[in-house]
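As stored in protein_18.tsv (TSV, C-alpha atoms and all ligand atoms):
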chain	number	residue	atom	x	y	z
A	1	MET	CA	-10.16	1.99	7.83
A	2	THR	CA	-9.80	-0.36	10.69
A	3	VAL	CA	-9.13	-4.02	10.54
A	4	THR	CA	-9.21	-5.81	13.81
A	5	ILE	CA	-9.02	-9.37	14.94
A	6	LEU	CA	-11.03	-10.45	17.93
A	7	PHE	CA	-10.79	-13.67	19.78
A	8	SER	CA	-13.16	-15.50	21.99
A	9	PHE	CA	-12.04	-18.47	23.99
A	10	LEU	CA	-15.25	-19.40	25.75
A	11	SER	CA	-15.67	-22.62	23.84
A	12	ILE	CA	-13.39	-25.46	22.91
A	13	VAL	CA	-13.42	-24.31	19.33
A	14	ARG	CA	-11.75	-20.91	19.24
A	15	HIS	CA	-13.69	-18.26	17.34
A	16	ILE	CA	-11.79	-15.56	15.49
A	17	ALA	CA	-13.42	-12.54	13.88
A	18	ILE	CA	-11.55	-10.63	11.21
A	19	ILE	CA	-13.14	-7.29	10.47
A	20	GLY	CA	-12.59	-6.06	6.92
A	21	ALA	CA	-11.49	-8.01	3.85
A	22	GLY	CA	-9.00	-5.57	2.35
A	23	ALA	CA	-5.32	-6.41	1.95
A	24	ALA	CA	-4.87	-6.64	5.73
A	25	GLY	CA	-7.90	-8.74	6.67
A	26	SER	CA	-7.67	-11.07	3.67
A	27	SER	CA	-4.01	-11.79	4.18
A	28	ALA	CA	-4.60	-12.26	7.92
A	29	VAL	CA	-7.07	-15.07	7.10
A	30	PHE	CA	-4.68	-16.53	4.59
A	31	PHE	CA	-1.72	-16.61	7.00
A	32	LEU	CA	-3.77	-17.79	9.94
A	33	HIS	CA	-5.28	-20.65	7.94
A	34	LYS	CA	-1.83	-21.66	6.73
A	35	GLN	CA	-0.13	-21.53	10.13
A	36	LEU	CA	-2.92	-23.42	11.87
A	37	LEU	CA	-2.74	-26.14	9.21
A	38	THR	CA	1.02	-26.38	9.73
A	39	LEU	CA	0.53	-26.71	13.47
A	40	GLY	CA	-2.32	-29.24	13.12
A	41	HIS	CA	-4.91	-26.99	14.82
A	42	ARG	CA	-7.00	-25.83	11.87
A	43	ASP	CA	-10.06	-27.85	12.88
A	44	LYS	CA	-10.09	-26.25	16.35
A	45	VAL	CA	-10.43	-22.71	15.10
A	46	GLU	CA	-13.38	-21.07	13.41
A	47	ILE	CA	-12.54	-17.95	11.40
A	48	THR	CA	-15.26	-15.50	10.36
A	49	VAL	CA	-14.52	-12.53	8.13
A	50	TYR	CA	-16.88	-9.56	8.35
A	51	GLU	CA	-16.90	-7.25	5.34
A	52	LYS	CA	-19.37	-4.40	4.96
A	53	GLU	CA	-19.07	-4.16	1.18
A	54	SER	CA	-20.24	-6.81	-1.25
A	55	LYS	CA	-16.68	-7.29	-2.55
A	56	VAL	CA	-13.34	-8.29	-1.17
A	57	GLY	CA	-10.35	-5.95	-1.66
A	58	GLY	CA	-11.10	-2.75	0.27
A	59	ARG	CA	-9.10	0.06	-1.25
A	60	ALA	CA	-7.94	-2.23	-4.06
A	61	ALA	CA	-11.17	-1.37	-5.88
A	62	LEU	CA	-12.41	-1.21	-9.46
A	63	ILE	CA	-15.10	0.54	-11.43
A	64	HIS	CA	-16.37	0.12	-14.98
A	65	PRO	CA	-16.62	3.45	-16.83
A	66	TYR	CA	-20.27	4.41	-17.38
A	67	ASN	CA	-21.05	1.54	-14.98
A	68	ASP	CA	-20.97	-0.57	-18.10
A	69	SER	CA	-19.09	-3.86	-18.11
A	70	LYS	CA	-18.33	-3.54	-21.81
A	71	TYR	CA	-15.58	-1.11	-20.79
A	72	ASP	CA	-12.45	-2.44	-19.19
A	73	PRO	CA	-12.47	-1.89	-15.44
A	74	VAL	CA	-10.28	0.81	-13.94
A	75	GLU	CA	-8.52	0.78	-10.58
A	76	ILE	CA	-9.77	3.62	-8.40
A	77	GLY	CA	-7.61	2.82	-5.41
A	78	ALA	CA	-4.40	0.82	-5.08
A	79	SER	CA	-3.15	0.60	-8.64
A	80	ILE	CA	0.33	-0.78	-8.64
A	81	TYR	CA	2.65	-3.17	-6.87
A	82	ALA	CA	6.42	-3.35	-7.17
A	83	SER	CA	8.74	-6.31	-7.66
A	84	VAL	CA	9.98	-5.92	-4.06
A	85	ASN	CA	6.41	-6.55	-2.84
A	86	LEU	CA	7.25	-10.14	-2.06
A	87	HIS	CA	3.92	-11.18	-0.54
A	88	LEU	CA	2.01	-9.90	-3.53
A	89	VAL	CA	4.42	-11.37	-6.05
A	90	ARG	CA	4.16	-14.73	-4.34
A	91	ALA	CA	0.36	-14.60	-4.08
A	92	ILE	CA	0.07	-13.68	-7.76
A	93	GLU	CA	2.11	-16.74	-8.72
A	94	GLN	CA	0.27	-18.97	-6.29
A	95	PHE	CA	-3.20	-17.89	-7.45
A	96	GLY	CA	-2.28	-17.94	-11.15
A	97	LEU	CA	-3.06	-14.25	-11.73
A	98	SER	CA	-1.61	-12.30	-14.65
A	99	PRO	CA	0.11	-8.95	-14.48
A	100	ALA	CA	-1.56	-6.31	-16.66
A	101	TYR	CA	1.02	-4.44	-18.63
A	102	ARG	CA	-0.09	-0.96	-19.43
A	103	ILE	CA	-0.82	-0.34	-23.04
A	104	ILE	CA	0.70	2.99	-23.79
A	105	ASP	CA	-0.11	4.38	-27.20
A	106	ASP	CA	2.40	6.23	-29.37
A	107	ASN	CA	0.96	9.55	-28.27
A	108	HIS	CA	1.49	8.80	-24.60
A	109	VAL	CA	2.98	11.74	-22.78
A	110	SER	CA	3.52	12.35	-19.13
A	111	TYR	CA	4.28	15.87	-17.98
A	112	LEU	CA	4.80	17.57	-14.69
A	113	TYR	CA	2.58	20.65	-14.72
A	114	ASP	CA	2.38	23.26	-11.97
A	115	GLY	CA	-0.97	24.71	-13.03
A	116	LYS	CA	0.66	27.36	-15.23
A	117	THR	CA	3.59	25.83	-17.04
A	118	ILE	CA	4.70	22.38	-18.13
A	119	LEU	CA	7.85	21.92	-16.08
A	120	VAL	CA	9.22	18.73	-17.53
A	121	ASP	CA	8.49	15.65	-19.61
A	122	MET	CA	8.48	12.92	-16.96
A	123	ASP	CA	10.14	10.53	-19.40
A	124	ASP	CA	13.17	12.81	-19.47
A	125	VAL	CA	13.54	14.36	-16.02
A	126	THR	CA	17.29	14.79	-16.51
A	127	SER	CA	16.52	17.70	-18.84
A	128	ARG	CA	15.46	19.73	-15.77
A	129	TYR	CA	16.88	18.12	-12.65
A	130	ASN	CA	20.42	17.80	-11.52
A	131	LEU	CA	21.81	14.34	-12.28
A	132	LEU	CA	23.61	14.14	-8.95
A	133	SER	CA	20.33	14.79	-7.10
A	134	LEU	CA	18.51	12.15	-9.12
A	135	THR	CA	21.28	9.66	-8.38
A	136	ARG	CA	21.11	10.53	-4.65
A	137	LEU	CA	17.34	9.95	-4.73
A	138	LYS	CA	17.81	6.54	-6.28
A	139	MET	CA	20.46	5.58	-3.72
A	140	LEU	CA	18.42	6.80	-0.74
A	141	THR	CA	15.37	4.90	-2.01
A	142	GLU	CA	17.35	1.69	-2.54
A	143	THR	CA	18.93	1.93	0.91
A	144	SER	CA	15.57	2.31	2.67
A	145	VAL	CA	13.98	-0.50	0.67
A	146	HIS	CA	16.97	-2.64	1.61
A	147	HIS	CA	16.32	-1.92	5.30
A	148	PHE	CA	12.67	-2.83	4.87
A	149	LEU	CA	13.51	-6.12	3.16
A	150	ARG	CA	15.06	-7.36	6.39
A	151	LEU	CA	11.51	-8.03	7.51
A	152	TYR	CA	11.36	-10.93	5.04
A	153	GLN	CA	14.38	-12.72	6.46
A	154	ARG	CA	13.57	-15.73	8.62
A	155	ASN	CA	16.66	-15.33	10.82
A	156	PHE	CA	16.08	-11.64	11.32
A	157	GLN	CA	12.47	-12.30	12.29
A	158	LEU	CA	13.32	-15.15	14.65
A	159	LEU	CA	15.72	-12.80	16.40
A	160	ASN	CA	13.65	-9.59	16.38
A	161	GLY	CA	10.02	-10.35	15.65
A	162	PRO	CA	7.13	-10.48	15.92
A	163	PHE	CA	6.60	-6.80	16.72
A	164	ARG	CA	4.09	-5.58	19.26
A	165	THR	CA	4.51	-1.88	18.50
A	166	VAL	CA	5.23	0.10	15.35
A	167	ALA	CA	8.16	1.66	17.23
A	168	ALA	CA	9.69	-1.82	17.54
A	169	TYR	CA	9.48	-2.25	13.75
A	170	VAL	CA	11.07	1.14	13.18
A	171	LYS	CA	13.92	0.36	15.53
A	172	ALA	CA	14.55	-3.14	14.17
A	173	ILE	CA	14.83	-2.01	10.57
A	174	ASP	CA	16.64	1.15	11.50
A	175	LEU	CA	14.37	3.71	9.87
A	176	LYS	CA	14.06	6.16	12.76
A	177	PRO	CA	15.94	9.05	11.10
A	178	GLN	CA	13.63	8.84	8.07
A	179	LEU	CA	10.57	8.79	10.33
A	180	ASN	CA	11.54	11.77	12.44
A	181	GLU	CA	12.15	14.06	9.48
A	182	SER	CA	9.91	15.32	6.71
A	183	GLY	CA	10.67	13.95	3.26
A	184	PHE	CA	11.83	17.44	2.30
A	185	ARG	CA	14.26	17.85	5.20
A	186	PHE	CA	15.62	14.30	4.94
A	187	LEU	CA	16.32	14.52	1.21
A	188	VAL	CA	17.84	18.00	1.33
A	189	ASN	CA	20.02	16.99	4.29
A	190	ASN	CA	21.18	14.02	2.24
A	191	GLY	CA	22.35	16.04	-0.72
A	192	VAL	CA	19.29	16.31	-2.98
A	193	ASP	CA	18.79	19.86	-4.22
A	194	GLU	CA	15.66	21.79	-3.22
A	195	MET	CA	14.23	22.22	-6.70
A	196	THR	CA	14.28	18.46	-7.34
A	197	VAL	CA	12.57	17.84	-4.01
A	198	ASN	CA	9.99	20.64	-4.33
A	199	GLU	CA	8.97	19.73	-7.86
A	200	PHE	CA	9.81	16.17	-8.79
A	201	VAL	CA	9.56	14.41	-5.41
A	202	ASP	CA	6.58	16.54	-4.36
A	203	SER	CA	4.69	15.49	-7.50
A	204	LEU	CA	5.23	11.85	-6.46
A	205	THR	CA	4.14	12.32	-2.83
A	206	GLN	CA	1.07	14.30	-3.90
A	207	GLY	CA	0.22	11.72	-6.57
A	208	THR	CA	0.73	8.76	-4.26
A	209	TYR	CA	-0.42	10.02	-0.87
A	210	GLY	CA	-2.18	13.35	-1.54
A	211	GLN	CA	0.33	15.10	0.72
A	212	GLN	CA	3.24	17.42	0.11
A	213	VAL	CA	6.82	16.35	0.60
A	214	THR	CA	7.04	18.83	3.48
A	215	GLN	CA	4.03	17.19	5.18
A	216	LEU	CA	5.04	13.53	4.93
A	217	HIS	CA	7.71	11.75	6.93
A	218	ALA	CA	10.64	10.52	4.85
A	219	VAL	CA	9.71	6.80	4.99
A	220	MET	CA	6.43	7.46	3.22
A	221	THR	CA	8.19	9.87	0.84
A	222	ILE	CA	10.60	7.14	-0.13
A	223	ILE	CA	7.74	4.67	-0.64
A	224	ALA	CA	6.17	7.20	-3.02
A	225	MET	CA	9.43	7.24	-4.98
A	226	ALA	CA	9.75	3.46	-4.96
A	227	GLY	CA	6.20	3.14	-6.25
A	228	SER	CA	6.66	2.27	-9.88
A	229	GLY	CA	5.38	-1.16	-10.83
A	230	GLN	CA	2.49	-3.02	-12.33
A	231	SER	CA	-1.03	-4.17	-11.63
A	232	ILE	CA	-3.10	-7.34	-11.98
A	233	LYS	CA	-5.16	-8.10	-15.07
A	234	GLY	CA	-8.81	-7.75	-14.06
A	235	GLY	CA	-8.08	-5.87	-10.83
A	236	ASN	CA	-5.67	-5.86	-7.90
A	237	TYR	CA	-8.53	-6.91	-5.62
A	238	LYS	CA	-8.14	-10.38	-7.19
A	239	ILE	CA	-5.03	-10.91	-5.12
A	240	PHE	CA	-7.14	-10.51	-2.00
A	241	GLU	CA	-10.15	-12.29	-3.44
A	242	SER	CA	-7.98	-15.37	-3.87
A	243	MET	CA	-6.45	-14.55	-0.76
A	244	HIS	CA	-3.30	6.43	-14.71
A	245	PHE	CA	-3.88	8.91	-15.31
A	246	SER	CA	-5.31	8.82	-18.85
A	247	THR	CA	-6.63	5.82	-20.75
A	248	LEU	CA	-8.44	5.76	-24.05
A	249	LEU	CA	-11.95	4.35	-23.72
A	250	TYR	CA	-12.98	2.04	-26.53
A	251	PRO	CA	-15.28	2.12	-28.42
A	252	ARG	CA	-15.98	5.70	-27.33
A	253	ASN	CA	-13.27	8.04	-28.42
A	254	GLU	CA	-12.97	9.53	-24.93
A	255	ARG	CA	-10.23	9.83	-22.38
A	256	LEU	CA	-10.68	8.47	-18.92
A	257	VAL	CA	-9.11	10.82	-16.40
A	258	LYS	CA	-8.56	10.08	-12.72
A	259	LEU	CA	-8.36	13.14	-10.47
A	260	PHE	CA	-7.31	12.86	-6.84
A	261	SER	CA	-8.34	15.66	-4.54
A	262	PRO	CA	-8.51	16.15	-0.79
A	263	ASN	CA	-11.60	18.33	-1.36
A	264	TYR	CA	-14.91	17.69	-3.07
A	265	LEU	CA	-14.71	18.60	-6.76
A	266	ASP	CA	-18.14	19.81	-7.84
A	267	ASP	CA	-19.24	19.95	-11.47
A	268	SER	CA	-18.24	23.58	-11.90
A	269	LYS	CA	-14.69	22.91	-10.68
A	270	LEU	CA	-14.43	19.93	-13.03
A	271	ALA	CA	-15.78	22.00	-15.92
A	272	LYS	CA	-13.11	24.61	-15.26
A	273	ILE	CA	-10.37	21.97	-15.48
A	274	VAL	CA	-11.52	20.59	-18.84
A	275	GLY	CA	-12.87	23.81	-20.36
A	276	SER	CA	-16.60	23.07	-20.22
A	277	ARG	CA	-19.07	20.70	-18.58
A	278	ALA	CA	-20.04	19.61	-22.10
A	279	ASN	CA	-16.60	18.00	-22.43
A	280	ILE	CA	-17.37	15.54	-19.64
A	281	GLY	CA	-19.26	12.37	-20.57
A	282	TRP	CA	-19.50	10.70	-17.16
A	283	ILE	CA	-18.39	11.42	-13.61
A	284	TYR	CA	-17.84	8.93	-10.83
A	285	ARG	CA	-16.90	10.24	-7.39
A	286	LYS	CA	-15.42	8.02	-4.72
A	287	MET	CA	-15.14	9.61	-1.30
A	288	TRP	CA	-13.13	7.68	1.24
A	289	TYR	CA	-10.39	7.85	3.82
A	290	ALA	CA	-7.79	7.27	1.17
A	291	TYR	CA	-4.48	7.59	2.95
A	292	PRO	CA	-3.32	8.11	6.49
A	293	ARG	CA	-1.84	11.47	7.39
A	294	ALA	CA	1.82	10.72	7.92
A	295	PRO	CA	3.69	13.74	9.27
A	296	PRO	CA	7.25	13.46	10.57
A	297	ARG	CA	6.81	11.91	13.95
A	298	ASN	CA	8.27	10.50	17.00
A	299	ASP	CA	8.10	6.70	16.73
A	300	THR	CA	6.10	6.34	19.95
A	301	VAL	CA	2.93	8.01	18.71
A	302	PHE	CA	1.58	5.25	16.47
A	303	PRO	CA	-1.69	3.52	17.33
A	304	PRO	CA	-1.23	0.28	19.28
A	305	ILE	CA	-0.93	-3.00	17.34
A	306	ASN	CA	-2.31	-4.96	20.29
A	307	PRO	CA	-4.65	-2.60	22.19
A	308	ASP	CA	-6.08	-5.31	24.43
A	309	LYS	CA	-5.91	-9.03	25.08
A	310	GLY	CA	-7.16	-10.82	21.99
A	311	LEU	CA	-7.57	-7.62	20.01
A	312	TYR	CA	-5.15	-6.78	17.20
A	313	TYR	CA	-5.14	-3.73	14.95
A	314	VAL	CA	-3.40	-4.26	11.62
A	315	ASN	CA	-3.81	-0.67	10.42
A	316	ALA	CA	-1.60	0.63	13.22
A	317	PHE	CA	1.14	0.03	10.66
A	318	GLU	CA	-0.44	2.20	7.99
A	319	SER	CA	0.74	5.62	9.11
A	320	PHE	CA	4.28	4.23	9.07
A	321	ILE	CA	3.87	2.86	5.52
A	322	SER	CA	0.63	2.58	3.56
A	323	THR	CA	0.61	0.05	0.72
A	324	MET	CA	-1.12	-3.24	-0.06
A	325	GLU	CA	2.12	-5.12	0.53
A	326	THR	CA	2.91	-3.56	3.89
A	327	GLN	CA	-0.59	-4.40	5.10
A	328	CYS	CA	0.20	-8.05	4.24
A	329	VAL	CA	3.46	-7.73	6.18
A	330	ALA	CA	1.58	-6.24	9.15
A	331	ALA	CA	-1.04	-9.00	9.01
A	332	HIS	CA	1.64	-11.70	8.99
A	333	ASN	CA	3.18	-10.13	12.08
A	334	ILE	CA	-0.18	-10.07	13.86
A	335	ILE	CA	-0.84	-13.72	13.17
A	336	ARG	CA	2.52	-14.52	14.77
A	337	LEU	CA	1.57	-12.43	17.82
A	338	PHE	CA	-1.74	-14.26	18.04
A	339	LEU	CA	-0.03	-17.66	17.91
A	340	ILE	CA	2.29	-16.66	20.77
A	341	ASP	CA	-0.46	-15.05	22.86
A	342	PHE	CA	-2.76	-18.04	22.57
A	343	GLY	CA	-0.19	-20.71	23.34
A	344	TYR	CA	0.53	-22.16	19.89
A	345	ASP	CA	4.02	-23.24	18.87
A	346	GLU	CA	4.71	-20.04	16.95
A	347	LYS	CA	8.38	-20.83	16.46
A	348	ALA	CA	7.55	-24.11	14.73
A	349	ALA	CA	5.10	-22.27	12.45
A	350	THR	CA	7.69	-19.61	11.63
A	351	LEU	CA	10.40	-22.15	10.94
A	352	ALA	CA	8.07	-24.10	8.66
A	353	ASP	CA	6.76	-21.02	6.89
A	354	ASP	CA	7.81	-21.02	3.24
A	355	TYR	CA	7.52	-17.28	2.77
A	356	TRP	CA	10.85	-16.11	4.20
A	357	ILE	CA	13.90	-15.33	2.15
A	358	ASP	CA	16.88	-16.88	3.82
A	359	THR	CA	19.61	-15.11	1.94
A	360	ALA	CA	21.20	-12.07	3.56
A	361	VAL	CA	19.54	-8.90	2.31
B	401	LIG	C1	-6.46	6.19	-4.32
B	401	LIG	C2	-5.50	5.22	-3.67
B	401	LIG	C3	-4.41	4.78	-4.35
B	401	LIG	C4	-3.53	3.86	-3.77
B	401	LIG	N1	-2.51	3.39	-4.52
B	401	LIG	C5	-1.79	2.34	-4.07
B	401	LIG	C6	-0.90	1.66	-4.92
B	401	LIG	O1	-0.77	1.97	-6.12
B	401	LIG	N2	-0.21	0.59	-4.41
B	401	LIG	C7	-0.37	0.17	-3.13
B	401	LIG	O2	0.28	-0.81	-2.73
B	401	LIG	N3	-1.21	0.81	-2.28
B	401	LIG	C8	-1.93	1.88	-2.72
B	401	LIG	N4	-2.84	2.48	-1.90
B	401	LIG	C9	-2.89	2.10	-0.48
B	401	LIG	C10	-3.59	0.77	-0.31
B	401	LIG	O3	-4.82	0.79	-0.99
B	401	LIG	C11	-3.87	0.52	1.17
B	401	LIG	O4	-2.70	0.69	1.95
B	401	LIG	C12	-4.34	-0.91	1.42
B	401	LIG	O5	-5.20	-1.34	0.39
B	401	LIG	C13	-5.04	-0.95	2.76
B	401	LIG	O6	-5.55	-2.24	3.00
B	401	LIG	P1	-6.38	-2.52	4.34
B	401	LIG	O7	-6.88	-3.90	4.22
B	401	LIG	O8	-5.56	-2.19	5.51
B	401	LIG	O9	-7.56	-1.47	4.32
B	401	LIG	P2	-8.78	-1.35	3.30
B	401	LIG	O10	-8.34	-1.72	1.92
B	401	LIG	O11	-9.36	-0.02	3.51
B	401	LIG	O12	-9.77	-2.49	3.79
B	401	LIG	C14	-10.59	-2.34	4.91
B	401	LIG	C15	-11.85	-3.17	4.65
B	401	LIG	O13	-12.62	-3.14	5.86
B	401	LIG	C16	-13.98	-2.99	5.51
B	401	LIG	N5	-14.63	-2.43	6.69
B	401	LIG	C17	-14.42	-1.23	7.27
B	401	LIG	N6	-15.19	-1.10	8.36
B	401	LIG	C18	-15.89	-2.25	8.48
B	401	LIG	C19	-16.84	-2.72	9.41
B	401	LIG	N7	-17.23	-1.97	10.44
B	401	LIG	N8	-17.35	-3.96	9.23
B	401	LIG	C20	-16.97	-4.72	8.20
B	401	LIG	N9	-16.07	-4.33	7.28
B	401	LIG	C21	-15.54	-3.11	7.42
B	401	LIG	C22	-13.95	-2.05	4.30
B	401	LIG	O14	-15.13	-2.15	3.54
B	401	LIG	C23	-12.72	-2.59	3.55
B	401	LIG	O15	-13.05	-3.62	2.64
B	401	LIG	C24	-3.74	3.41	-2.45
B	401	LIG	C25	-4.85	3.86	-1.74
B	401	LIG	C26	-5.73	4.74	-2.34
B	401	LIG	C27	-6.95	5.17	-1.59
As a first step, turn the structure in this file into structure tokens.
Amino acid sequence: MTVTILFSFLSIVRHIAIIGAGAAGSSAVFFLHKQLLTLGHRDKVEITVYEKESKVGGRAALIHPYNDSKYDPVEIGASIYASVNLHLVRAIEQFGLSPAYRIIDDNHVSYLYDGKTILVDMDDVTSRYNLLSLTRLKMLTETSVHHFLRLYQRNFQLLNGPFRTVAAYVKAIDLKPQLNESGFRFLVNNGVDEMTVNEFVDSLTQGTYGQQVTQLHAVMTIIAMAGSGQSIKGGNYKIFESMHFSTLLYPRNERLVKLFSPNYLDDSKLAKIVGSRANIGWIYRKMWYAYPRAPPRNDTVFPPINPDKGLYYVNAFESFISTMETQCVAAHNIIRLFLIDFGYDEKAATLADDYWIDTAV
């Protein structure tokens, strides 16, 4: 999906078009509104958001099973955020939204299955995988997240940002080695054994980004591993409106199952998975460009953030990292670029911005 910001400066009032009201577009409006207020220019700028769907949220999207609102809605896209997702955490507080804790019944089980055999109970992965490898995974994930968190530091940003290319981001937060290597190669080279990578990590990259650990660059692989967290009661889209696998459906005694597939799953394929078509009560198919392909890459081959004067492309960031939070980060960066490019006192806005963390990360 593309989200772009266009500017026209033919009139005294500046007109800004934001195309798409997903995480990126919605947070771009939010930040722009805030910064212009801070700088005392809000009344000189008209912002119009164009959204082709009838709802805000983009890939943070919900459905009601059986299209019936008596059933609790289910996330079909972005399901979880993590505590290090500082924009989201802040927005949730600010908009008075409530986290939805998953209700897991006593029979809840989570297994890693390779199509023939149950490999491991995911609640006890140490029974199959080498403890040293699991510890290495945790350390590598924490280190990369730590690098990423520099982007929230005011002083770091005043010195290095805003970023006009994805390559500049990569360099500033020092993630080039992870970008140039596949998740597989990076983890094995850093002491994680192959079985842990091929089974455990691969299940996470396939579940999160529909791609194998050998196909994804290591930054995205690490994001897939860092991806445990929670969601918002009533739908993650609510974050952007204001700015599971298996769930029991009440009152029907049925299981709701989400299947992710790069290919179309017709009724006969679904019937094969669950034994018979008669075992399926309702099917909802959502076809979309779910995730960017993110192979190991040279940092110069990302799409441009600022392809032309007055034109900004937030999703350039997505094949580096694709999450709701990182789209908010990318939108914040673009609003800073806009302020600079159009002669506003960007430094004053950045200094006054209350979103930075000033402690050393
Ligand atoms: C199945 C799935 C699971 C995911 N799980 C997670 C997760 O658990 N946690 C997480 O953080 N991220 C997750 N993600 C990734 C996350 O959803 C995206 O990175 C993020 O939502 C992208 O936001 P965006 O605003 O850039 O794009 P989008 O959300 O795609 O928004 C783009 C918007 O633009 C609109 N649009 C497009 N073209 C036009 C046009 N021509 N005119 C007007 N409007 C237009 C679209 O309708 C849409 O609303 C998941 C994604 C998928 C698909």
Fill in: Residues near A:Leu204, cut-off 9 Å, all atoms listed in the file, skip fewer than 6 positions along chain, as a PyMOL selection string
chain A and resi 212-213+221+224-225+227
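Note that the spacing between atom O10 of ligand LIG 401 (chain B) and atom CA of A:Leu88 amounts to 14.3 Å.
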Worksheet item: Would you name the residues within 7 Å of ligand LIG 401 (chain B), counting all atoms listed in the file, and put them as a PyMOL selection string?
Response: chain A and resi 1-3+19-25+50-53+56-60+76-81+208+289-291+314-315+318+322-325+327
Discussion item. Considering all atoms listed in the file, can you say which of A:Ala172, A:Leu119, A:Ile357, A:Ile92 comes closest to A:Met195?
Written reply: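 Nearest candidate to A:Met195 out of A:Ala172, A:Leu119, A:Ile357, A:Ile92: A:Leu119.
Of note, atom CA of A:Arg90 and atom CA of A:His332 are spaced 13.9 Å apart.
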Worksheet entry | Distance in Å - atom CA of A:Leu149 versus atom CA of A:Phe186 | 20.6 Å
Practice prompt. Excluding stretch 33-41 of chain A and any residue of its chain fewer than 4 positions from it, enumerate the residues within 12 Å of it, using all atoms listed in the file, and give them as a ChimeraX atom specification.
Written response: /A:12-14,16,26-29,45-48,243,332,335-336,338-340,342-355
Worksheet entry | Option closest in space to A:Asn180, from A:Val74, A:Val89, A:Ala218, A:Val329 [counting all atoms listed in the file] |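 Among the listed residues, A:Ala218 lies closest to A:Asn180.
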Worksheet entry | Using all atoms listed in the file: which of A:Gly96, A:His15, A:Phe31, A:Ser69 has the shortest distance to A:Asp43 |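 Using all atoms listed in the file, A:Asp43 sits closest to A:His15.
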Worksheet item: So which one's closest to A:Ile63, A:Phe30, A:Val166, A:Ala100, A:Glu75? Using all atoms listed in the file, please.
Response: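 Ranked by minimum distance to A:Ile63, first place goes to A:Glu75.
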Discussion item. Ranking A:Met220, A:Leu62, A:Leu256, A:Ala316 by minimum distance to A:Ala331 and counting all atoms listed in the file, which one comes first?
Written reply: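 Of the candidates, the smallest distance to A:Ala331 is held by A:Ala316.
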Fill in: Among the residues A:Ala167, A:Gly191, A:Val219, A:Lys116, the one that comes closest to A:Val145 [using all atoms listed in the file]
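Using all atoms listed in the file, the shortest distance to A:Val145 belongs to A:Val219.
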Worksheet item: Which residues come within 10 Å of A:Asp267, counting only C-alpha atoms, excluding same-chain residues fewer than 5 positions away, as a PyMOL selection string?
Response: chain A and resi 272-273+276-277+280+283
